[in-house]
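**Student:** Below you will find the structure I want to go over with you.
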Amino acid sequence: MLKNLGKAIKGMTTPAEAKFNRAALAADDVEDSRRGRPAVSLQPVIEELGLTYADNEMAGAFVATLPKWPDYLFNAGRGALPGGRYGQIGHELLEADVTQSGLQMGGSTYSVRTTYRNPGFFGVHGTPPNEPFSGNNAWIPTTAVHVRAPETSRLPRLVIVEKSRIPSWGNPTLDSHGLPGYRIIENDPIGPDLIASVAAVCRPWLSVRSDPYLRLRVVQGMVNITVNGYRTDIADLRHLIDAGEGIADGLTAMMAPPLSVPFDAPGGAVGSLAPLRGVPIAWPQYAAMFAEAAKASGLHQEDALYLMSLLPSNPIPGLPWGVLFGTPAGCAKPCRIVWHNQGGRTESTVRGGLITPARAGARTPVGGTFHQPTAMYAEVVNGVAYCWNQQRGGEVDPRGLAHNGSITLRELGLADI
């Protein structure tokens, strides 16, 4: 099936032993850990899976669940998955905390090599340099799948982990839900009913796996499954992809259907809807910037939760923090100007975008298409055209978004705006 894989293996040179703190979560992963990177290229496997080989490129669509640095990413492949969702699979270094007592990871570990550095050694302020392989951490070989699932944005953060890896206190086992090998990290918005519903969705996929380490995360409109080791078996990789999509589809089915109202009907004003427990909202400084932008542009500031219910399949990465509705200067039809946030290490930034009904028959590849002149991505989903900035930032500029977004959609033939 994969005639080129043997050639790829033979053609790889074995890297020197990794110098950074490291560990393995299974005996079979020790050599992966010592190298610090995969021994083989997965390009033929990625192409066999129907994906585009991207190696260590950091795709903005998945930044909410990707590692911090491209140095921790290898053999990535992304594109339309078999079930139709946009996703990525590849090898990653999982970052785990190290304290004076050693690696902070429960369960069996192998080939652990850690050195703890007193924070005072990092510099005058005791802060490690902002660079790869810094700080008191260890890096562990894993394989991860990331699946775009914007419909899950209305859920609180969900984390399910192989039960030996996390403390029992505050993290209930899922034994009674047919997942005896797992615990869920419980927090205030996650109660018994939600645990039961999520476990029912995950059971067909996770109950058949026996990985020494498995972590499922649902966060910022993403479903991410991470397992130990640099996996190369195509059947295993296919099952991880299918599990990611299956769980994403199952969680989507739990959610309320989209609102049955026209696109050009304005939604409730910001603050008019009750917040969803566990779903992040805009930082106060951004909330003030969105309000000022609405006032200056003469547009109606909608509650972001309205957009999440109106267009739950919105492909713009992250959660909507700010939404302005109306017909901006230079546009012929109503649109929504939005700013999305992807949380985590990017939580201080937003990504601007524009949303409007698509031209009849307009289509794009899953994952969108890039418009170089405006540096914006554009995608049509369910008859709606979306475009968004390639780069995140700290600015809130509705006029610039209306201008660049309308140019992008017109030149790509996706909307008459």
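Residue numbering restarts at 1 in every chain; chains get A, B, ... in the order shown in the structure tokens, and ligands count up from 1 in that same order.
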Looking only at the backbone, which of the residues in region 94-309 of chain A does DSSP tag as strand (DSSP E or B), as a PyMOL selection string?

**Tutor:** chain A and resi 94-99+102-103+110-113+137-148+158-162+173-174+179-184+214-219+222-228+269+300-302

**Student:** Quick one: contact table of region 325-366 of chain A to region 379-398 of chain A, 9 Å max, nearest atom pair and distance in Å to one decimal per residue, counting only C-alpha atoms, chain and number order, as a Markdown table?

**Tutor:**
```
| residue | atom | partner | partner_atom | distance |
| --- | --- | --- | --- | --- |
| A:Pro328 | CA | A:Pro398 | CA | 8.4 |
| A:Ile337 | CA | A:Pro398 | CA | 6.6 |
| A:Val338 | CA | A:Pro398 | CA | 8.4 |
| A:Trp339 | CA | A:Val396 | CA | 7.8 |
| A:Asn341 | CA | A:Arg392 | CA | 8.7 |
| A:Thr346 | CA | A:Arg392 | CA | 8.4 |
| A:Ser348 | CA | A:Gly394 | CA | 7.2 |
| A:Thr349 | CA | A:Gly393 | CA | 4.9 |
| A:Val350 | CA | A:Arg392 | CA | 5.4 |
| A:Arg351 | CA | A:Arg392 | CA | 4.5 |
| A:Gly352 | CA | A:Asn389 | CA | 5.7 |
| A:Gly353 | CA | A:Trp388 | CA | 3.9 |
| A:Leu354 | CA | A:Cys387 | CA | 5.4 |
| A:Ile355 | CA | A:Tyr386 | CA | 4.6 |
| A:Thr356 | CA | A:Ala385 | CA | 5.4 |
| A:Pro357 | CA | A:Val384 | CA | 4.4 |
| A:Ala358 | CA | A:Ala385 | CA | 4.7 |
| A:Arg359 | CA | A:Gly383 | CA | 7.8 |
| A:Ala360 | CA | A:Gly383 | CA | 7.6 |
| A:Gly361 | CA | A:Gly383 | CA | 8.2 |
| A:Ala362 | CA | A:Val380 | CA | 7.0 |
| A:Arg363 | CA | A:Val380 | CA | 5.8 |
| A:Thr364 | CA | A:Glu379 | CA | 5.6 |
| A:Pro365 | CA | A:Glu379 | CA | 7.3 |
| A:Val366 | CA | A:Glu379 | CA | 7.4 |
```

**Student:** Take the residues just selected and output them with C-alpha atoms as a compact mmCIF listing (two decimals), in the first residue's frame.

**Tutor:**
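Resulting contents of again-v2.txt:
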```txt
# COMPACT_ATOMS: atom_id res chain seq x y z
CA PRO A 328 -20.92 49.37 6.30
CA ILE A 337 -18.04 42.20 11.01
CA VAL A 338 -16.55 39.96 13.69
CA TRP A 339 -13.50 39.46 15.88
CA ASN A 341 -10.35 34.83 19.86
CA THR A 346 -3.10 33.82 21.77
CA SER A 348 -4.42 38.67 24.01
CA THR A 349 -5.18 38.91 20.28
CA VAL A 350 -8.21 38.75 18.00
CA ARG A 351 -8.70 37.78 14.37
CA GLY A 352 -11.01 40.01 12.33
CA GLY A 353 -13.46 38.72 9.74
CA LEU A 354 -16.55 39.45 7.67
CA ILE A 355 -19.66 37.29 7.11
CA THR A 356 -22.38 37.71 4.47
CA PRO A 357 -24.70 35.52 2.35
CA ALA A 358 -22.83 33.74 -0.44
CA ARG A 359 -23.54 34.11 -4.13
CA ALA A 360 -25.80 31.33 -5.42
CA GLY A 361 -23.70 28.28 -6.27
CA ALA A 362 -20.49 29.68 -4.75
CA ARG A 363 -18.14 27.02 -3.36
CA THR A 364 -14.68 26.76 -1.81
CA PRO A 365 -12.47 23.89 -0.65
CA VAL A 366 -12.98 22.70 2.91
```

**Student:** Need to verify the contact set: Thr142 (chain A), 9 Å, only C-alpha atoms, exclusion of same-chain residues closer than 6 positions in sequence. Can you return it as a PyMOL selection string?

**Tutor:** chain A and resi 25+29+90-94+213+226-231

**Student:** Do a neighbour search on Ile234 (chain A) at 12 Å with only C-alpha atoms, toss out local chain neighbours closer than 5 positions, and write the hits as a ChimeraX atom specification.

**Tutor:** /A:1-2,5,42-50,89-90,239-241

**Student:** Considering only C-alpha atoms, can you say which of A:Leu409, A:Leu251, A:Val159, A:Ile190 comes closest to Thr369 (chain A)?

**Tutor:**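 When distances to Thr369 (chain A) are compared using only C-alpha atoms, the smallest one comes from A:Leu409.
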
**Student:** Find the residues near Glu162 (chain A): any atom within 6 Å, counting only C-alpha atoms, skip ones fewer than 5 places away on the same chain, and give them as an MDAnalysis selection string.

**Tutor:** chainID A and resid 181:182 213:214

**Student:** Would you mind writing down, as an MDAnalysis selection string, each residue of region 125-311 of chain A that DSSP on the backbone assigns to alpha helix (DSSP H)?

**Tutor:** chainID A and resid 192:206 234:254 284:297 304:310
